[in-house]
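*Asks:* What follows is a structure written as structure tokens; I'll ask about it next.
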Amino acid sequence: MESKFHKIYELGDRLVVELKTREIFNGIYVDGGKDRIVLDEVIQHNNSNQLRGLYEFYRSEIESVHCLQATLIKENQPEDTPEETSEEPPNEKKMDLKHAMGRGAIKLSEEEYFRLKEMSRSYIYLENADKRYFDAIKVLKDAENIGVMCVGVDPDRRSRISLLALSTRHQVYLLDFSQLQRCKMYPEVKAIFESESICKVIYRGAPLAEILYKSYSVRLQNTFDTQAADLLVQKRNEGDLVERNLSECLAHYLCLPRSLLDQALSITTNQWRERPLNNQLKLYAAQLVVYLVLLKSHLQRLLLSDFYNLMSKLQDHVRVIDDFRFRKYSIAQGQLDEDVMSMIKTL
């Protein structure tokens, strides 16, 4: 039985509604029923302007609904009985959106969600090695992680890069390579790619590494390939391996709308190479890179889940042992008690 929207969402919830037409809207939930959602303060994906008035969406046209705030579902509660007041603080209530059209809460805060959208619109477009370029290099050299996405590239080992999108946690840079001579690479960008101290976060990184080496003599170092990480996580879960594109990875791991990057991913190589590059294509390029560092952080925690579980268990163990064992554990050099050894063996 399908859940009724007004039994799932509460007034004031910020919802992201994905339609079957692949359009995406977000807004404040102000009304609803069994098969409809009414939103206010609506903003359409790829458009920063707030739409006027109320927008009504019906189940027949909705692909999925995602929530940006703590949203509760009143399970096992008769629909015609008054709602009981819970004594549990609202921020500690367990969220359960399993019945909300098969979707859960977006694994981003509302602030983070809109910060990333604003980042994708506030890109810095660089065509030449001018002052703005060198200012960007200073920021990139100080970053611990950099998202990397190349577009306008042929499936050839010696292909040229048309546009390079780079993203730190706070800024997206678009470097236009169309004016560079063939086989030339900005030396400062080459140094960043070859740096061991800066992690380059990529989706499907092996072909890019090969093109950089064959076409630009760049040896890409210290990379995190989000596609490879996704496949490894799938393998650990002992399920069938499914190849996901970047948009599907964001949907699977962060519960973002599945069609979030569909328009950006649909742009052809020839379109990326058109000059002058229009603002819509620049926005799409920024969208392709802005989520990579965040995705890396989430995948990394999954890959290191045993480590994080062990850390939590060790802290719990120390919290409950008596003072004598605590003193012994605190001063021990290279010695672990039997309980700790047992924890490690059972991971």
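FYI, nothing fancy with the structure tokens labels: chains A, B, ... in order, residues from 1 per chain, ligands from 1 as they appear.
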Quick one: residues within 6 Å of range 261-269 of chain A, only C-alpha atoms, excluding same-chain residues fewer than 3 positions away - as a ChimeraX atom specification?

*Replies:* /A:152,247,272,284

*Asks:* Write out, as a compact mmCIF listing (two decimals), in the first residue's frame, the residues just selected, with C-alpha atoms.

*Replies:*
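again-v1.txt written:
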# COMPACT_ATOMS: atom_id res chain seq x y z
CA GLY A 152 35.24 17.27 -24.47
CA SER A 247 24.55 10.57 -11.15
CA TRP A 272 31.77 20.63 -25.14
CA TYR A 284 26.89 21.55 -16.38

*Asks:* Write out as a list of chain:residue names all residues of range 102-264 of chain A that DSSP puts in strand (DSSP E or B) for this structure's backbone.

*Replies:* A:Ala105, A:Ile124, A:Tyr125, A:Leu126, A:Asn145, A:Ile146, A:Gly147, A:Val148, A:Met149, A:Cys150, A:Val151, A:Leu163, A:Leu164, A:Ala165, A:Leu166, A:Ser167, A:Val172, A:Tyr173, A:Leu174, A:Leu175, A:Asp176, A:Cys199, A:Lys200, A:Val201, A:Ile202, A:Thr223, A:Phe224, A:Asp225

*Asks:* Hey, what's within 9 Å of Leu15 in chain A if we count only C-alpha atoms and toss same-chain stuff fewer than 6 positions away? As a list in words, please?

*Replies:*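 Contacts, with the query itself left out: Tyr9, Phe25, Asn26, Gly27, Ile28, Tyr29, Leu39, Val65, His66, Cys67, Leu68 and Gln69 of chain A.
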
*Asks:* Find the residues around Ala143 in chain A up to 9 Å (only C-alpha atoms counted), leave out those fewer than 4 positions away in its own chain, and share them as a list in words.

*Replies:*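 Contacts, with the query itself left out: Val139, Thr168, Arg169, Ile198 and Cys199 of chain A.
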
*Asks:* Those same residues - all heavy atoms - I'd like them written as a compact mmCIF listing (two decimals), in the first residue's frame.

*Replies:*
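Everything below was put into again19.txt:
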# COMPACT_ATOMS: atom_id res chain seq x y z
N VAL A 139 45.07 28.51 -4.43
CA VAL A 139 44.01 27.83 -3.67
C VAL A 139 44.10 26.32 -3.88
O VAL A 139 44.01 25.53 -2.93
CB VAL A 139 42.62 28.35 -4.10
CG1 VAL A 139 41.52 27.55 -3.41
CG2 VAL A 139 42.49 29.82 -3.77
N THR A 168 37.62 22.45 -5.28
CA THR A 168 37.99 22.28 -3.88
C THR A 168 36.69 22.17 -3.09
O THR A 168 35.61 22.08 -3.66
CB THR A 168 38.82 23.47 -3.38
OG1 THR A 168 37.98 24.65 -3.36
CG2 THR A 168 40.02 23.73 -4.28
N ARG A 169 36.78 22.23 -1.79
CA ARG A 169 35.56 22.16 -0.98
C ARG A 169 34.71 23.42 -1.14
O ARG A 169 33.50 23.39 -0.96
CB ARG A 169 35.91 21.95 0.49
CG ARG A 169 34.71 22.01 1.41
CD ARG A 169 35.00 21.52 2.80
NE ARG A 169 33.91 21.81 3.72
CZ ARG A 169 32.74 21.20 3.74
NH1 ARG A 169 32.50 20.24 2.87
NH2 ARG A 169 31.80 21.53 4.61
N ILE A 198 48.33 16.03 -2.67
CA ILE A 198 46.98 16.45 -3.03
C ILE A 198 46.25 15.28 -3.66
O ILE A 198 46.70 14.72 -4.67
CB ILE A 198 47.00 17.64 -4.02
CG1 ILE A 198 47.79 18.80 -3.46
CG2 ILE A 198 45.58 18.07 -4.36
CD1 ILE A 198 48.01 19.93 -4.45
N CYS A 199 45.12 14.89 -3.06
CA CYS A 199 44.34 13.78 -3.60
C CYS A 199 43.42 14.28 -4.71
O CYS A 199 42.63 15.21 -4.49
CB CYS A 199 43.52 13.11 -2.50
SG CYS A 199 42.52 11.73 -3.09

*Asks:* Using only C-alpha atoms, which residues sit within 12 Å of Ser297 in chain A once same-chain residues fewer than 4 positions away are excluded, as a list in words?

*Replies:*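 Here the answer would be Asn145, Ile146, Gly147, Arg169, Cys199, Val201, Phe224, Asp225, Thr226, Ala229, Tyr253, Leu254, Tyr291, Leu292, Val293, Arg301, Leu302, Leu303 and Leu304 of chain A.
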
*Asks:* Store the residues picked out above, limited to N, CA and C atoms, as a PDB file, in the first residue's frame.

*Replies:*
ATOM      1  N   ASN A 145      42.005  17.762  -0.985  1.00  0.00           N
ATOM      2  CA  ASN A 145      41.303  16.991  -2.006  1.00  0.00           C
ATOM      3  C   ASN A 145      40.826  17.925  -3.105  1.00  0.00           C
ATOM      4  N   ILE A 146      40.932  17.466  -4.352  1.00  0.00           N
ATOM      5  CA  ILE A 146      40.460  18.234  -5.496  1.00  0.00           C
ATOM      6  C   ILE A 146      39.639  17.313  -6.389  1.00  0.00           C
ATOM      7  N   GLY A 147      38.409  17.701  -6.650  1.00  0.00           N
ATOM      8  CA  GLY A 147      37.619  16.976  -7.628  1.00  0.00           C
ATOM      9  C   GLY A 147      38.113  17.317  -9.026  1.00  0.00           C
ATOM     10  N   ARG A 169      36.779  22.225  -1.787  1.00  0.00           N
ATOM     11  CA  ARG A 169      35.558  22.163  -0.981  1.00  0.00           C
ATOM     12  C   ARG A 169      34.712  23.425  -1.144  1.00  0.00           C
ATOM     13  N   CYS A 199      45.125  14.887  -3.063  1.00  0.00           N
ATOM     14  CA  CYS A 199      44.338  13.777  -3.604  1.00  0.00           C
ATOM     15  C   CYS A 199      43.416  14.284  -4.711  1.00  0.00           C
ATOM     16  N   VAL A 201      40.301  13.545  -6.845  1.00  0.00           N
ATOM     17  CA  VAL A 201      39.107  12.703  -6.779  1.00  0.00           C
ATOM     18  C   VAL A 201      38.454  12.696  -8.156  1.00  0.00           C
ATOM     19  N   PHE A 224      41.818   9.163  -6.123  1.00  0.00           N
ATOM     20  CA  PHE A 224      40.733   8.363  -5.552  1.00  0.00           C
ATOM     21  C   PHE A 224      39.672   8.245  -6.624  1.00  0.00           C
ATOM     22  N   ASP A 225      39.501   7.041  -7.156  1.00  0.00           N
ATOM     23  CA  ASP A 225      38.545   6.805  -8.227  1.00  0.00           C
ATOM     24  C   ASP A 225      37.215   6.382  -7.611  1.00  0.00           C
ATOM     25  N   THR A 226      36.206   7.241  -7.708  1.00  0.00           N
ATOM     26  CA  THR A 226      34.922   6.956  -7.070  1.00  0.00           C
ATOM     27  C   THR A 226      34.201   5.776  -7.725  1.00  0.00           C
ATOM     28  N   ALA A 229      35.851   2.688  -6.252  1.00  0.00           N
ATOM     29  CA  ALA A 229      35.401   2.544  -4.863  1.00  0.00           C
ATOM     30  C   ALA A 229      33.986   1.983  -4.811  1.00  0.00           C
ATOM     31  N   TYR A 253      24.339   6.536  -2.946  1.00  0.00           N
ATOM     32  CA  TYR A 253      25.060   6.739  -1.692  1.00  0.00           C
ATOM     33  C   TYR A 253      24.602   7.960  -0.902  1.00  0.00           C
ATOM     34  N   LEU A 254      24.107   8.986  -1.589  1.00  0.00           N
ATOM     35  CA  LEU A 254      23.711  10.214  -0.904  1.00  0.00           C
ATOM     36  C   LEU A 254      22.208  10.480  -0.981  1.00  0.00           C
ATOM     37  N   TYR A 291      30.364  17.520  -6.720  1.00  0.00           N
ATOM     38  CA  TYR A 291      29.972  16.530  -5.718  1.00  0.00           C
ATOM     39  C   TYR A 291      31.055  15.479  -5.453  1.00  0.00           C
ATOM     40  N   LEU A 292      32.152  15.497  -6.203  1.00  0.00           N
ATOM     41  CA  LEU A 292      33.126  14.408  -6.142  1.00  0.00           C
ATOM     42  C   LEU A 292      33.804  14.289  -4.780  1.00  0.00           C
ATOM     43  N   VAL A 293      34.235  15.400  -4.197  1.00  0.00           N
ATOM     44  CA  VAL A 293      34.930  15.344  -2.907  1.00  0.00           C
ATOM     45  C   VAL A 293      33.992  14.817  -1.824  1.00  0.00           C
ATOM     46  N   ARG A 301      34.469   6.185   4.041  1.00  0.00           N
ATOM     47  CA  ARG A 301      33.964   5.651   5.310  1.00  0.00           C
ATOM     48  C   ARG A 301      33.427   4.232   5.128  1.00  0.00           C
ATOM     49  N   LEU A 302      32.810   3.951   4.007  1.00  0.00           N
ATOM     50  CA  LEU A 302      32.318   2.602   3.750  1.00  0.00           C
ATOM     51  C   LEU A 302      33.470   1.625   3.557  1.00  0.00           C
ATOM     52  N   LEU A 303      34.507   2.048   2.837  1.00  0.00           N
ATOM     53  CA  LEU A 303      35.658   1.182   2.608  1.00  0.00           C
ATOM     54  C   LEU A 303      36.422   0.904   3.900  1.00  0.00           C
ATOM     55  N   LEU A 304      36.412   1.869   4.818  1.00  0.00           N
ATOM     56  CA  LEU A 304      37.122   1.726   6.092  1.00  0.00           C
ATOM     57  C   LEU A 304      36.158   1.426   7.235  1.00  0.00           C
TER      58      LEU A 304
END

*Asks:* Which residues are near Lys190 in chain A? Cut-off 10 Å, only C-alpha atoms, ignore same chain within fewer than 6 positions. Put them as a PyMOL selection string.

*Replies:* chain A and resi 184+212+216-220

*Asks:* Take the residues from that selection and write them out as an mmCIF file, in the first residue's frame, keeping C-alpha atoms.

*Replies:*
data_model
loop_
_atom_site.group_PDB
_atom_site.id
_atom_site.type_symbol
_atom_site.label_atom_id
_atom_site.label_comp_id
_atom_site.auth_asym_id
_atom_site.auth_seq_id
_atom_site.Cartn_x
_atom_site.Cartn_y
_atom_site.Cartn_z
ATOM 1 C CA LYS A 184 50.872 21.525 -23.875
ATOM 2 C CA LEU A 212 47.261 12.777 -19.413
ATOM 3 C CA TYR A 216 50.596 15.719 -21.949
ATOM 4 C CA SER A 217 53.406 13.670 -20.314
ATOM 5 C CA VAL A 218 51.670 14.035 -16.950
ATOM 6 C CA ARG A 219 51.931 11.210 -14.405
ATOM 7 C CA LEU A 220 48.770 11.403 -12.353
#

*Asks:* What lies within 12 Å of Ile344 in chain A using only C-alpha atoms, ignoring chain neighbours under 6 positions off, as a PyMOL selection string?

*Replies:* chain A and resi 306-314+336-338

*Asks:* Could you write out the selected residues, including N, CA, C and O atoms, as a compact mmCIF listing (two decimals), in the first residue's frame?

*Replies:*
# COMPACT_ATOMS: atom_id res chain seq x y z
N ASP A 306 35.38 -1.31 8.76
CA ASP A 306 35.95 -2.14 9.83
C ASP A 306 36.80 -1.31 10.78
O ASP A 306 36.76 -1.50 12.00
N PHE A 307 37.56 -0.40 10.22
CA PHE A 307 38.42 0.45 11.04
C PHE A 307 37.58 1.34 11.97
O PHE A 307 37.85 1.42 13.17
N TYR A 308 36.55 1.98 11.41
CA TYR A 308 35.72 2.86 12.23
C TYR A 308 34.94 2.07 13.28
O TYR A 308 34.74 2.54 14.41
N ASN A 309 34.51 0.86 12.93
CA ASN A 309 33.83 0.01 13.92
C ASN A 309 34.77 -0.36 15.06
O ASN A 309 34.37 -0.37 16.23
N LEU A 310 36.02 -0.68 14.71
CA LEU A 310 37.00 -1.02 15.75
C LEU A 310 37.27 0.16 16.67
O LEU A 310 37.34 0.01 17.90
N MET A 311 37.40 1.36 16.09
CA MET A 311 37.63 2.56 16.91
C MET A 311 36.49 2.76 17.90
O MET A 311 36.71 3.06 19.08
N SER A 312 35.27 2.58 17.44
CA SER A 312 34.11 2.76 18.32
C SER A 312 34.10 1.70 19.43
O SER A 312 33.84 2.02 20.60
N LYS A 313 34.41 0.46 19.07
CA LYS A 313 34.42 -0.61 20.05
C LYS A 313 35.51 -0.41 21.10
O LYS A 313 35.32 -0.70 22.28
N LEU A 314 36.68 0.05 20.68
CA LEU A 314 37.77 0.29 21.62
C LEU A 314 37.39 1.38 22.63
O LEU A 314 37.68 1.26 23.82
N LEU A 336 48.14 -5.72 24.16
CA LEU A 336 46.69 -5.55 24.15
C LEU A 336 46.07 -6.64 24.99
O LEU A 336 46.54 -7.79 24.98
N ASP A 337 44.99 -6.32 25.71
CA ASP A 337 44.35 -7.36 26.52
C ASP A 337 43.54 -8.29 25.62
O ASP A 337 43.32 -8.03 24.44
N GLU A 338 43.09 -9.37 26.19
CA GLU A 338 42.42 -10.41 25.42
C GLU A 338 41.11 -9.92 24.79
O GLU A 338 40.74 -10.33 23.69

*Asks:* Smallest atom-to-atom distance to Glu63 in chain A: which of A:Val340, A:Arg204, A:Pro257, A:Val242, using only C-alpha atoms?

*Replies:*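 Of the candidates, the smallest distance to Glu63 in chain A is held by A:Pro257.
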
*Asks:* If I take CA of Tyr58 in chain A and CA of Asp35 in chain A, how far is one from the other in Å, to one decimal?

*Replies:* 5.7 Å

*Asks:* If you run DSSP on this backbone, which residues of range 151-281 of chain A come out as alpha helix (DSSP H), and could you give them as a VMD selection string?

*Replies:* chain A and resid 187 to 193 205 to 216 226 to 236 246 to 254 262 to 265 269 to 273 279 to 281

*Asks:* Check the smallest atom-to-atom distance from each of A:Asp31, A:Glu127, A:Asp154, A:Asp13 to Leu174 in chain A using only C-alpha atoms, then report the winner.

*Replies:*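 Counting only C-alpha atoms, the residue closest to Leu174 in chain A is A:Glu127.
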
*Asks:* Pull the closest atom pair for each residue of range 145-234 of chain A that gets at most 9 Å from range 105-120 of chain A, along with the distance in Å to one decimal, counting only C-alpha atoms, ordering rows by chain and then ascending residue number, as a tab-separated table.

*Replies:*
residue	atom	partner	partner_atom	distance
A:Arg169	CA	A:Leu116	CA	8.9
A:His170	CA	A:Met119	CA	6.9
A:Gln171	CA	A:Met119	CA	6.1
A:Val172	CA	A:Met119	CA	6.5

*Asks:* Could the residues in this selection be saved with all heavy atoms as an mmCIF file, in the first residue's frame?

*Replies:*
data_model
loop_
_atom_site.group_PDB
_atom_site.id
_atom_site.type_symbol
_atom_site.label_atom_id
_atom_site.label_comp_id
_atom_site.auth_asym_id
_atom_site.auth_seq_id
_atom_site.Cartn_x
_atom_site.Cartn_y
_atom_site.Cartn_z
ATOM 1 N N ARG A 169 36.779 22.225 -1.787
ATOM 2 C CA ARG A 169 35.558 22.163 -0.981
ATOM 3 C C ARG A 169 34.712 23.425 -1.144
ATOM 4 O O ARG A 169 33.498 23.390 -0.957
ATOM 5 C CB ARG A 169 35.912 21.952 0.492
ATOM 6 C CG ARG A 169 34.711 22.005 1.411
ATOM 7 C CD ARG A 169 35.001 21.515 2.801
ATOM 8 N NE ARG A 169 33.907 21.807 3.720
ATOM 9 C CZ ARG A 169 32.739 21.198 3.741
ATOM 10 N NH1 ARG A 169 32.496 20.239 2.870
ATOM 11 N NH2 ARG A 169 31.803 21.527 4.608
ATOM 12 N N HIS A 170 35.336 24.538 -1.539
ATOM 13 C CA HIS A 170 34.607 25.802 -1.546
ATOM 14 C C HIS A 170 34.531 26.487 -2.905
ATOM 15 O O HIS A 170 33.830 27.490 -3.031
ATOM 16 C CB HIS A 170 35.252 26.770 -0.543
ATOM 17 C CG HIS A 170 35.259 26.268 0.864
ATOM 18 N ND1 HIS A 170 34.122 26.167 1.618
ATOM 19 C CD2 HIS A 170 36.271 25.808 1.644
ATOM 20 C CE1 HIS A 170 34.423 25.689 2.816
ATOM 21 N NE2 HIS A 170 35.710 25.458 2.858
ATOM 22 N N GLN A 171 35.224 25.986 -3.925
ATOM 23 C CA GLN A 171 35.244 26.709 -5.197
ATOM 24 C C GLN A 171 35.438 25.757 -6.365
ATOM 25 O O GLN A 171 36.202 24.793 -6.280
ATOM 26 C CB GLN A 171 36.376 27.746 -5.202
ATOM 27 C CG GLN A 171 36.417 28.620 -6.440
ATOM 28 C CD GLN A 171 35.172 29.466 -6.595
ATOM 29 O OE1 GLN A 171 34.823 30.254 -5.718
ATOM 30 N NE2 GLN A 171 34.466 29.305 -7.705
ATOM 31 N N VAL A 172 34.739 26.053 -7.463
ATOM 32 C CA VAL A 172 34.901 25.318 -8.714
ATOM 33 C C VAL A 172 35.634 26.201 -9.713
ATOM 34 O O VAL A 172 35.300 27.384 -9.872
ATOM 35 C CB VAL A 172 33.533 24.895 -9.299
ATOM 36 C CG1 VAL A 172 33.713 24.286 -10.693
ATOM 37 C CG2 VAL A 172 32.840 23.913 -8.374
#
